[in-house]
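Coordinates as given in upload09.cif (mmCIF, C-alpha atoms):
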data_model
loop_
_atom_site.label_atom_id
_atom_site.label_comp_id
_atom_site.auth_asym_id
_atom_site.auth_seq_id
_atom_site.Cartn_x
_atom_site.Cartn_y
_atom_site.Cartn_z
CA MET A 1 127.81 44.08 66.56
CA GLU A 2 125.39 46.56 65.01
CA ASN A 3 126.73 49.41 62.93
CA LYS A 4 125.90 52.64 64.72
CA GLN A 5 125.40 55.81 62.72
CA LYS A 6 128.28 58.27 62.99
CA VAL A 7 127.98 61.70 64.56
CA ILE A 8 130.94 64.08 64.31
CA VAL A 9 131.71 66.26 67.35
CA ILE A 10 134.01 69.29 67.09
CA CYS A 11 134.87 70.85 70.43
CA GLY A 12 137.64 72.92 71.94
CA PRO A 13 138.15 76.21 73.73
CA THR A 14 136.52 79.50 72.87
CA ALA A 15 138.08 81.35 69.88
CA SER A 16 139.74 78.18 68.58
CA GLY A 17 138.04 78.27 65.17
CA LYS A 18 135.30 75.66 65.66
CA THR A 19 132.68 77.58 63.66
CA ALA A 20 134.78 78.10 60.51
CA LEU A 21 136.05 74.50 60.54
CA SER A 22 132.60 72.98 61.08
CA ILE A 23 130.98 74.98 58.26
CA GLU A 24 133.67 73.95 55.77
CA LEU A 25 133.36 70.34 56.96
CA ALA A 26 129.56 70.43 56.58
CA LYS A 27 129.94 71.63 52.99
CA ARG A 28 132.35 68.76 52.28
CA VAL A 29 130.35 65.91 53.88
CA ASN A 30 126.75 67.09 53.26
CA GLY A 31 126.35 67.85 56.95
CA GLU A 32 124.21 70.02 59.21
CA ILE A 33 125.37 71.59 62.46
CA ILE A 34 124.03 71.27 66.00
CA SER A 35 125.29 73.94 68.38
CA CYS A 36 126.72 72.66 71.65
CA ASP A 37 127.04 75.97 73.46
CA SER A 38 125.18 76.84 76.66
CA MET A 39 124.98 80.55 75.78
CA GLN A 40 124.25 80.43 72.04
CA ILE A 41 120.89 78.83 72.91
CA TYR A 42 119.58 82.26 74.01
CA GLU A 43 117.76 84.58 71.65
CA ASP A 44 119.02 88.16 71.24
CA MET A 45 122.43 87.17 72.65
CA ASP A 46 124.44 87.16 69.44
CA ILE A 47 127.59 89.25 69.71
CA GLY A 48 128.75 88.12 73.15
CA THR A 49 128.19 84.43 72.35
CA ALA A 50 129.93 84.66 68.93
CA LYS A 51 126.81 83.18 67.35
CA PRO A 52 127.46 82.58 63.64
CA SER A 53 125.67 85.04 61.35
CA GLU A 54 123.56 83.97 58.34
CA GLU A 55 126.47 85.02 56.14
CA GLU A 56 128.97 82.92 58.12
CA MET A 57 126.66 79.88 57.97
CA GLN A 58 126.97 79.89 54.15
CA GLY A 59 123.62 78.15 53.76
CA ILE A 60 124.42 75.32 56.20
CA LYS A 61 121.46 74.60 58.47
CA HIS A 62 122.20 75.13 62.18
CA TYR A 63 120.19 73.75 65.09
CA LEU A 64 119.79 74.92 68.74
CA LEU A 65 120.76 78.55 68.17
CA GLY A 66 118.77 81.38 69.76
CA PHE A 67 115.67 79.38 70.65
CA VAL A 68 115.48 79.97 74.42
CA SER A 69 114.39 83.23 76.07
CA PRO A 70 117.03 84.78 78.38
CA GLU A 71 114.29 84.72 81.03
CA GLU A 72 114.24 80.91 81.06
CA ARG A 73 116.44 78.30 82.67
CA TYR A 74 117.72 75.59 80.35
CA SER A 75 119.26 72.39 81.65
CA VAL A 76 121.75 69.81 80.38
CA ALA A 77 118.91 67.27 80.38
CA GLN A 78 116.90 69.54 78.06
CA TYR A 79 119.93 70.03 75.83
CA LYS A 80 120.51 66.30 75.48
CA LEU A 81 116.89 65.75 74.47
CA ASP A 82 116.93 68.62 71.94
CA ALA A 83 120.30 67.58 70.49
CA LYS A 84 119.24 63.94 70.08
CA ASN A 85 116.07 65.10 68.27
CA ALA A 86 118.21 67.25 65.96
CA ILE A 87 120.57 64.32 65.27
CA LYS A 88 117.59 62.14 64.33
CA GLU A 89 116.20 64.83 62.01
CA ILE A 90 119.55 65.29 60.23
CA LEU A 91 120.07 61.54 59.80
CA SER A 92 116.52 61.16 58.45
CA LYS A 93 117.52 63.51 55.61
CA GLY A 94 120.52 61.33 54.80
CA LYS A 95 122.89 64.04 56.05
CA VAL A 96 125.77 63.99 58.54
CA PRO A 97 125.19 65.51 62.02
CA ILE A 98 128.06 67.69 63.25
CA VAL A 99 127.86 68.73 66.91
CA VAL A 100 129.91 71.88 67.49
CA GLY A 101 130.70 73.81 70.66
CA GLY A 102 132.71 74.31 73.80
CA THR A 103 130.29 73.38 76.60
CA GLY A 104 131.90 70.25 78.02
CA LEU A 105 128.88 69.15 80.03
CA TYR A 106 126.72 69.22 76.90
CA VAL A 107 129.31 67.22 74.94
CA ASP A 108 129.60 64.60 77.69
CA SER A 109 125.82 64.21 77.99
CA LEU A 110 125.80 63.01 74.38
CA ILE A 111 129.01 61.03 73.92
CA TYR A 112 128.63 59.14 77.20
CA GLU A 113 124.80 58.98 77.13
CA ILE A 114 124.66 60.55 80.59
CA GLU A 115 121.21 61.18 82.04
CA TYR A 116 121.37 64.40 84.02
CA ASN A 117 118.16 64.55 85.98
CA ASP A 118 116.55 67.96 86.10
CA ILE A 119 117.27 69.12 89.64
CA LYS A 120 115.07 71.87 91.02
CA ILE A 121 117.06 74.85 92.21
CA ASP A 122 116.89 75.23 95.99
CA GLU A 123 117.09 79.03 96.26
CA ASP A 124 117.57 78.93 100.04
CA TYR A 125 120.54 76.56 99.76
CA ARG A 126 122.00 78.67 96.95
CA LYS A 127 121.78 81.77 99.17
CA GLU A 128 123.45 79.80 101.96
CA LEU A 129 126.35 78.90 99.61
CA GLU A 130 126.64 82.52 98.46
CA GLY A 131 126.87 83.48 102.15
CA VAL A 132 129.75 81.02 102.66
CA ILE A 133 131.58 82.60 99.70
CA GLU A 134 131.10 86.11 101.14
CA GLU A 135 132.31 85.12 104.59
CA GLN A 136 134.99 82.51 103.86
CA GLY A 137 135.74 82.76 100.14
CA LEU A 138 135.10 80.49 97.16
CA ASP A 139 137.96 78.21 98.25
CA LYS A 140 135.84 77.04 101.20
CA LEU A 141 133.13 75.81 98.79
CA TYR A 142 135.79 74.24 96.60
CA GLN A 143 137.10 72.24 99.58
CA MET A 144 133.54 71.19 100.52
CA ALA A 145 132.90 69.98 96.97
CA LEU A 146 136.27 68.22 96.87
CA GLU A 147 135.36 66.21 99.96
CA ILE A 148 131.97 65.24 98.51
CA ASP A 149 132.99 64.40 94.93
CA PRO A 150 136.77 64.38 94.29
CA ILE A 151 136.40 62.67 90.90
CA ALA A 152 134.05 65.31 89.46
CA MET A 153 136.28 68.05 90.88
CA GLU A 154 139.21 66.88 88.75
CA LYS A 155 137.53 68.65 85.83
CA ILE A 156 136.59 71.79 87.75
CA SER A 157 138.81 74.80 88.34
CA GLN A 158 139.08 76.44 91.78
CA ASN A 159 137.64 79.62 90.22
CA ASP A 160 134.63 77.95 88.61
CA LYS A 161 131.97 79.11 91.05
CA LYS A 162 129.01 77.92 88.98
CA ARG A 163 130.20 74.31 88.70
CA ILE A 164 131.48 74.12 92.28
CA MET A 165 128.05 75.19 93.53
CA ARG A 166 126.40 72.69 91.18
CA ILE A 167 128.36 69.78 92.72
CA LEU A 168 127.09 70.79 96.17
CA GLU A 169 123.53 71.42 94.96
CA ILE A 170 123.29 68.00 93.25
CA TYR A 171 124.44 66.25 96.43
CA LYS A 172 122.10 68.27 98.65
CA SER A 173 119.13 67.67 96.35
CA THR A 174 119.61 63.96 95.56
CA GLY A 175 121.86 62.51 98.27
CA LYS A 176 124.11 61.25 95.46
CA THR A 177 127.23 62.78 94.01
CA LYS A 178 127.40 63.91 90.39
CA THR A 179 129.93 61.11 89.76
CA GLU A 180 127.61 58.46 91.23
CA GLN A 181 124.78 59.71 89.01
CA GLU A 182 127.00 59.64 85.93
CA ILE A 183 128.23 56.10 86.66
CA GLU A 184 124.62 54.92 87.01
CA SER A 185 123.48 56.66 83.83
CA ARG A 186 126.51 55.61 81.75
CA ARG A 187 125.17 52.08 81.85
CA ASN A 188 122.80 53.23 79.12
CA PRO A 189 123.98 52.07 75.69
CA VAL A 190 125.37 54.92 73.58
CA GLU A 191 123.03 55.34 70.64
CA TYR A 192 125.47 56.75 68.06
CA ASP A 193 129.12 56.36 67.11
CA TYR A 194 130.41 59.75 68.25
CA LYS A 195 133.71 60.75 66.66
CA VAL A 196 135.13 63.52 68.85
CA PHE A 197 137.68 66.07 67.65
CA ALA A 198 139.08 69.05 69.55
CA ILE A 199 141.07 71.99 68.23
CA ASN A 200 144.36 72.67 69.96
CA TRP A 201 146.44 75.87 69.92
CA ASP A 202 149.60 77.00 71.63
CA ARG A 203 148.27 78.70 74.77
CA GLU A 204 149.80 82.13 74.05
CA VAL A 205 148.44 82.13 70.49
CA LEU A 206 145.00 81.11 71.78
CA TYR A 207 145.09 83.95 74.32
CA GLN A 208 145.95 86.42 71.52
CA ARG A 209 142.97 85.12 69.52
CA ILE A 210 140.72 85.56 72.57
CA ASN A 211 141.92 89.14 73.16
CA LYS A 212 141.32 89.99 69.50
CA ARG A 213 137.85 88.41 69.57
CA VAL A 214 136.86 90.49 72.64
CA ASP A 215 138.02 93.68 70.90
CA ILE A 216 135.90 92.76 67.86
CA MET A 217 132.85 92.06 70.08
CA ILE A 218 133.17 95.52 71.63
CA GLU A 219 133.46 97.09 68.15
CA GLN A 220 130.41 95.13 66.96
CA GLY A 221 128.33 96.61 69.79
CA LEU A 222 128.38 94.20 72.75
CA VAL A 223 127.53 96.99 75.21
CA GLU A 224 124.54 98.06 73.08
CA GLU A 225 123.42 94.42 72.81
CA VAL A 226 123.39 94.07 76.60
CA LYS A 227 121.48 97.35 77.02
CA ALA A 228 118.85 96.14 74.56
CA ILE A 229 118.49 92.79 76.37
CA LEU A 230 118.15 94.49 79.77
CA LYS A 231 115.45 96.73 78.32
CA LYS A 232 113.53 93.87 76.63
CA TYR A 233 113.66 91.25 79.40
CA HIS A 234 113.31 91.45 83.18
CA ASN A 235 114.50 88.17 84.64
CA PHE A 236 117.84 86.49 83.97
CA PRO A 237 118.21 83.23 85.91
CA THR A 238 121.28 82.17 83.87
CA ALA A 239 121.71 84.27 80.74
CA MET A 240 123.30 87.37 82.28
CA GLN A 241 125.82 85.19 84.13
CA GLY A 242 127.34 84.40 80.72
CA LEU A 243 130.92 85.38 80.03
CA GLY A 244 131.10 88.92 78.68
CA TYR A 245 127.52 89.72 79.68
CA LYS A 246 127.99 89.90 83.44
CA GLU A 247 131.05 92.14 83.00
CA VAL A 248 129.09 94.54 80.76
CA VAL A 249 126.25 94.61 83.32
CA ASP A 250 128.79 95.47 86.05
CA TYR A 251 130.21 98.21 83.81
CA LEU A 252 126.72 99.65 83.20
CA ASN A 253 126.14 99.58 86.97
CA GLY A 254 129.31 101.63 87.47
CA SER A 255 131.55 98.87 88.89
CA TYR A 256 134.21 99.28 86.16
CA THR A 257 135.43 101.78 83.62
CA LYS A 258 135.05 100.67 80.00
CA ASP A 259 138.75 99.76 79.76
CA GLU A 260 138.56 97.77 83.00
CA MET A 261 135.49 95.94 81.69
CA ILE A 262 137.29 94.99 78.46
CA GLU A 263 140.33 93.70 80.36
CA LYS A 264 138.08 91.79 82.76
CA ILE A 265 136.27 90.08 79.86
CA LYS A 266 139.60 89.13 78.27
CA MET A 267 140.97 87.75 81.53
CA GLU A 268 137.84 85.75 82.38
CA THR A 269 137.64 84.38 78.82
CA ARG A 270 141.26 83.23 78.98
CA ARG A 271 140.51 81.49 82.29
CA TYR A 272 137.43 79.88 80.77
CA ALA A 273 139.45 78.59 77.79
CA LYS A 274 141.92 77.02 80.20
CA ARG A 275 139.05 75.24 82.01
CA GLN A 276 137.65 74.04 78.68
CA LEU A 277 140.99 72.53 77.69
CA THR A 278 141.26 70.76 81.06
CA TRP A 279 137.76 69.36 80.56
CA PHE A 280 138.27 68.08 77.01
CA ARG A 281 141.65 66.52 77.83
CA LYS A 282 139.87 64.25 80.32
CA ASN A 283 137.88 62.70 77.44
CA LYS A 284 140.17 59.91 76.28
CA GLN A 285 138.39 59.36 72.96
CA THR A 286 139.14 62.89 71.75
CA ILE A 287 141.32 63.24 68.64
CA TRP A 288 143.23 66.52 68.83
CA ILE A 289 143.77 68.58 65.69
CA ASP A 290 146.17 71.49 65.28
CA GLY A 291 144.51 74.89 65.00
CA THR A 292 147.50 76.28 63.06
CA ASN A 293 146.87 73.85 60.21
CA ASP A 294 145.00 74.84 57.08
CA ILE A 295 141.24 74.16 57.49
CA GLN A 296 141.18 71.79 54.52
CA ASN A 297 144.07 69.86 56.05
CA ASN A 298 142.13 69.50 59.31
CA ILE A 299 139.05 68.36 57.39
CA ASP A 300 141.20 65.60 55.88
CA VAL A 301 142.30 64.61 59.41
CA ILE A 302 138.64 64.44 60.50
CA LEU A 303 137.61 62.41 57.45
CA GLU A 304 140.42 59.97 58.17
CA GLY A 305 139.35 59.79 61.83
CA ILE A 306 135.76 58.87 60.97
CA SER A 307 136.54 56.33 58.29
#

Represent the structure of the file as structure tokens.
Amino acid sequence: MENKQKVIVICGPTASGKTALSIELAKRVNGEIISCDSMQIYEDMDIGTAKPSEEEMQGIKHYLLGFVSPEERYSVAQYKLDAKNAIKEILSKGKVPIVVGGTGLYVDSLIYEIEYNDIKIDEDYRKELEGVIEEQGLDKLYQMALEIDPIAMEKISQNDKKRIMRILEIYKSTGKTKTEQEIESRRNPVEYDYKVFAINWDREVLYQRINKRVDIMIEQGLVEEVKAILKKYHNFPTAMQGLGYKEVVDYLNGSYTKDEMIEKIKMETRRYAKRQLTWFRKNKQTIWIDGTNDIQNNIDVILEGIS
């Protein structure tokens, strides 16, 4: 059996400490970091995506940060291609690739070698689904998706509108379920030896960390960042649906008071973290590490896990 080159993956929910851990790990193993976050890909979206600053990076090279315009759509298929190119580049330098982020779909596309075909958005069908939500509620779409693809729906929360709609759109566009497509594409040999780690926290402690992070984002100027983006760009097919951004847009449009907006962001982020944990727990190869441990201790756990 051939020896595959190792790629470290650090995932977990938002605000779990992935950035700090990965940078310290990179310093220890001569690594470089590939972001695995569906919002950090966008340029000018820094505060609300918790994009690491130059200072935080401590000289460690990062890939796939801020390279897509908020006016563009960016797919899982594109991410997989870009991430694989970054892995190759890092390995060619004799360094260790470390994939870091909380977007489960992006993680799975790599570790299971899943080919997600780029599916053209059918705007008419999307409007039709939005109409169903308005008239009968999101639960109706959830039940429709559950009938079509019960296996995929195990990973999807009843509140996750974006992913529920995606299950229906994939089936409408291709005549195959997302699960059928994944089974077909998983027959591809996995190119690298992915060692997957996820950071775990007690739920209440994680929620406190999330609340604190949102407060810091507001202090750092999240509202001003959104105003600047709205002024600079005109079209937002996906970017302004990002957590934190859509709530600020609603606040600027007069839907909420500032305090209501902040509470809404905290609540939606806590819900998102719960969905992330559900997703990563489905990946049986994941090694869980304790967020309360000292970073150096967790690095030792990772080094043991990849040896």

### Message
Residues within 12 Å of Asp124 of chain A, please, as a PyMOL selection string. Count all atoms listed in the file; anything in the same chain fewer than 6 positions from it doesn't count.
### Response
chain A and resi 130-131+169+172-173

Can you list every residue of segment 138-241 of chain A that has an atom at most 12 Å from segment 101-113 of chain A, with its nearest atom pair and the distance in Å to one decimal, using all atoms listed in the file, ordered by chain then number, as CSV?
residue,atom,partner,partner_atom,distance
A:Ala152,CA,A:Leu105,CA,11.4
A:Lys155,CA,A:Gly104,CA,9.8
A:Ile156,CA,A:Gly104,CA,10.9
A:Arg163,CA,A:Leu105,CA,10.2
A:Arg166,CA,A:Leu105,CA,12.0
A:Lys178,CA,A:Leu105,CA,11.7
A:Gln181,CA,A:Glu113,CA,11.9
A:Glu182,CA,A:Tyr112,CA,8.9
A:Ile183,CA,A:Tyr112,CA,9.9
A:Glu184,CA,A:Glu113,CA,10.7
A:Ser185,CA,A:Glu113,CA,7.2
A:Arg186,CA,A:Glu113,CA,6.0
A:Arg187,CA,A:Glu113,CA,8.4
A:Asn188,CA,A:Glu113,CA,6.4
A:Pro189,CA,A:Glu113,CA,7.1
A:Val190,CA,A:Glu113,CA,5.4
A:Glu191,CA,A:Glu113,CA,7.6
A:Tyr192,CA,A:Ile111,CA,8.1
A:Asp193,CA,A:Ile111,CA,8.3
A:Tyr194,CA,A:Ile111,CA,6.0
A:Lys195,CA,A:Ile111,CA,8.7
A:Val196,CA,A:Ile111,CA,8.3
A:Phe197,CA,A:Gly101,CA,10.8
A:Ala198,CA,A:Gly102,CA,9.3
A:Ile199,CA,A:Gly102,CA,10.3

### Message
I need the output of the PyMOL selection byres ((chain A and resi 90) around 12) for this file as number ranges by chain; which residues are they?
### Response
A: 5-7, 26, 30-34, 60-63, 83-89, 91-99

Prev. selection, C-alpha atoms, output as an mmCIF file, in the frame of the given file:
data_model
loop_
_atom_site.group_PDB
_atom_site.id
_atom_site.type_symbol
_atom_site.label_atom_id
_atom_site.label_comp_id
_atom_site.auth_asym_id
_atom_site.auth_seq_id
_atom_site.Cartn_x
_atom_site.Cartn_y
_atom_site.Cartn_z
ATOM 1 C CA GLN A 5 125.400 55.810 62.720
ATOM 2 C CA LYS A 6 128.280 58.270 62.990
ATOM 3 C CA VAL A 7 127.980 61.700 64.560
ATOM 4 C CA ALA A 26 129.560 70.430 56.580
ATOM 5 C CA ASN A 30 126.750 67.090 53.260
ATOM 6 C CA GLY A 31 126.350 67.850 56.950
ATOM 7 C CA GLU A 32 124.210 70.020 59.210
ATOM 8 C CA ILE A 33 125.370 71.590 62.460
ATOM 9 C CA ILE A 34 124.030 71.270 66.000
ATOM 10 C CA ILE A 60 124.420 75.320 56.200
ATOM 11 C CA LYS A 61 121.460 74.600 58.470
ATOM 12 C CA HIS A 62 122.200 75.130 62.180
ATOM 13 C CA TYR A 63 120.190 73.750 65.090
ATOM 14 C CA ALA A 83 120.300 67.580 70.490
ATOM 15 C CA LYS A 84 119.240 63.940 70.080
ATOM 16 C CA ASN A 85 116.070 65.100 68.270
ATOM 17 C CA ALA A 86 118.210 67.250 65.960
ATOM 18 C CA ILE A 87 120.570 64.320 65.270
ATOM 19 C CA LYS A 88 117.590 62.140 64.330
ATOM 20 C CA GLU A 89 116.200 64.830 62.010
ATOM 21 C CA LEU A 91 120.070 61.540 59.800
ATOM 22 C CA SER A 92 116.520 61.160 58.450
ATOM 23 C CA LYS A 93 117.520 63.510 55.610
ATOM 24 C CA GLY A 94 120.520 61.330 54.800
ATOM 25 C CA LYS A 95 122.890 64.040 56.050
ATOM 26 C CA VAL A 96 125.770 63.990 58.540
ATOM 27 C CA PRO A 97 125.190 65.510 62.020
ATOM 28 C CA ILE A 98 128.060 67.690 63.250
ATOM 29 C CA VAL A 99 127.860 68.730 66.910
#

### Which of A:Ile148, A:Arg203, A:Thr278, A:Lys212 sits closest to Lys176 of chain A [using all atoms listed in the file]
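Answer, going by the shortest atom-to-atom distance: A:Ile148.
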
### Task
With a distance cut-off of 9 Å and all atoms listed in the file, select the neighbouring residues of Gly244 of chain A, excluding the residue or stretch itself and same-chain residues fewer than 3 positions from it, and output the selection as number ranges by chain.
A: 48-49, 214, 222, 240-241, 247-249, 261-262, 264-266, 268-269

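Across A:Ser307, A:Asn283, A:Thr19, A:Asn298, the tightest approach to Cys36 of chain A is made by A:Thr19 when counting all atoms listed in the file.
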
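Nearest residue to Ile170 of chain A, choosing from A:Glu128, A:Glu224, A:Glu154, A:Asp122 and counting all atoms listed in the file: A:Asp122.
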
### Query
Any idea what's packed within 9 Å of Gly221 of chain A, counting only C-alpha atoms, ignoring anything in its chain fewer than 5 positions away? Could you give it as number ranges by chain?
A: 47, 216, 226

### Query
For Leu243 of chain A, which residue among A:Leu141, A:Glu72, A:Arg270, A:Tyr171 is the nearest when counting only C-alpha atoms?
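Using only C-alpha atoms, Leu243 of chain A sits closest to A:Arg270.
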
### Query
Quick one: distance from atom CA of Tyr79 of chain A to atom CA of Cys11 of chain A in Å, one decimal?
15.9 Å

### Message
Neighbouring residues of segment 231-236 of chain A were defined as those with any atom within 7 Å, considering only C-alpha atoms; residues of the same chain fewer than 4 positions away were excluded. Please report them as an MDAnalysis selection string.
### Response
chainID A and resid 70:71 227 240

### Query
Near Pro150 of chain A, counting all atoms listed in the file, which residues have an atom at most 12 Å away, once you skip same-chain residues fewer than 3 positions from it, shown as a ChimeraX atom specification?
/A:142-147,153-156,164,167-168,177-180

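Using only C-alpha atoms for every distance, the candidate list A:Met217, A:Leu129, A:Ile10, A:Leu64 yields A:Ile10 as the residue closest to Ser22 of chain A.
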
### Task
Using the chain letters and residue numbers of this document, give as a list in words the residues selected by the PyMOL selection byres ((chain A and resi 289) around 10).
Ile10, Gly12, Phe197, Ala198, Ile199, Asn200, Trp201, Thr286, Ile287, Trp288, Asp290, Gly291, Thr292, Asn293, Asn297, Asn298, Ile299, Val301 and Ile302 of chain A

How would segment 290-299 of chain A read, as a CSV table (one decimal), in the frame of the given file, once all heavy atoms are built in?
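As a result, result31.csv now contains:
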chain,number,residue,atom,x,y,z
A,290,ASP,N,145.4,70.3,65.1
A,290,ASP,CA,146.2,71.5,65.3
A,290,ASP,C,145.5,72.7,64.6
A,290,ASP,O,145.3,72.7,63.4
A,290,ASP,CB,147.5,71.2,64.6
A,290,ASP,CG,148.6,72.3,65.0
A,290,ASP,OD1,148.1,73.4,65.4
A,290,ASP,OD2,149.8,72.1,64.8
A,291,GLY,N,145.2,73.7,65.5
A,291,GLY,CA,144.5,74.9,65.0
A,291,GLY,C,145.3,75.7,64.0
A,291,GLY,O,144.8,76.4,63.2
A,292,THR,N,146.7,75.5,64.0
A,292,THR,CA,147.5,76.3,63.1
A,292,THR,C,147.5,75.7,61.7
A,292,THR,O,147.9,76.3,60.7
A,292,THR,CB,149.0,76.3,63.5
A,292,THR,OG1,149.5,75.0,63.7
A,292,THR,CG2,149.1,77.0,64.9
A,293,ASN,N,146.9,74.5,61.5
A,293,ASN,CA,146.9,73.8,60.2
A,293,ASN,C,145.8,74.5,59.3
A,293,ASN,O,144.9,75.1,59.8
A,293,ASN,CB,146.5,72.4,60.3
A,293,ASN,CG,147.7,71.5,60.8
A,293,ASN,OD1,148.8,72.0,60.8
A,293,ASN,ND2,147.4,70.3,61.2
A,294,ASP,N,146.0,74.4,58.1
A,294,ASP,CA,145.0,74.8,57.1
A,294,ASP,C,143.7,74.1,57.3
A,294,ASP,O,143.7,72.9,57.7
A,294,ASP,CB,145.6,74.5,55.7
A,294,ASP,CG,144.6,74.7,54.6
A,294,ASP,OD1,144.4,75.9,54.2
A,294,ASP,OD2,144.0,73.8,54.1
A,295,ILE,N,142.5,74.8,57.2
A,295,ILE,CA,141.2,74.2,57.5
A,295,ILE,C,141.0,72.9,56.7
A,295,ILE,O,140.6,71.9,57.2
A,295,ILE,CB,140.1,75.2,57.3
A,295,ILE,CG1,140.0,76.1,58.5
A,295,ILE,CG2,138.7,74.5,57.1
A,295,ILE,CD1,138.9,77.2,58.4
A,296,GLN,N,141.4,73.0,55.4
A,296,GLN,CA,141.2,71.8,54.5
A,296,GLN,C,142.0,70.6,55.0
A,296,GLN,O,141.6,69.5,54.9
A,296,GLN,CB,141.5,72.1,53.0
A,296,GLN,CG,140.6,73.2,52.4
A,296,GLN,CD,139.1,72.7,52.5
A,296,GLN,OE1,138.7,71.5,52.4
A,296,GLN,NE2,138.2,73.7,52.7
A,297,ASN,N,143.2,70.9,55.5
A,297,ASN,CA,144.1,69.9,56.0
A,297,ASN,C,143.4,69.2,57.3
A,297,ASN,O,143.4,68.0,57.4
A,297,ASN,CB,145.4,70.5,56.4
A,297,ASN,CG,146.4,69.5,57.0
A,297,ASN,OD1,146.2,69.0,58.2
A,297,ASN,ND2,147.4,69.1,56.2
A,298,ASN,N,142.8,70.0,58.1
A,298,ASN,CA,142.1,69.5,59.3
A,298,ASN,C,140.9,68.7,58.9
A,298,ASN,O,140.5,67.7,59.6
A,298,ASN,CB,141.8,70.6,60.3
A,298,ASN,CG,143.0,71.0,61.2
A,298,ASN,OD1,143.9,70.1,61.4
A,298,ASN,ND2,143.0,72.2,61.7
A,299,ILE,N,140.2,69.1,57.9
A,299,ILE,CA,139.0,68.4,57.4
A,299,ILE,C,139.5,67.0,57.0
A,299,ILE,O,138.8,66.0,57.3
A,299,ILE,CB,138.3,69.1,56.2
A,299,ILE,CG1,137.6,70.3,56.8
A,299,ILE,CG2,137.3,68.2,55.5
A,299,ILE,CD1,137.0,71.3,55.8
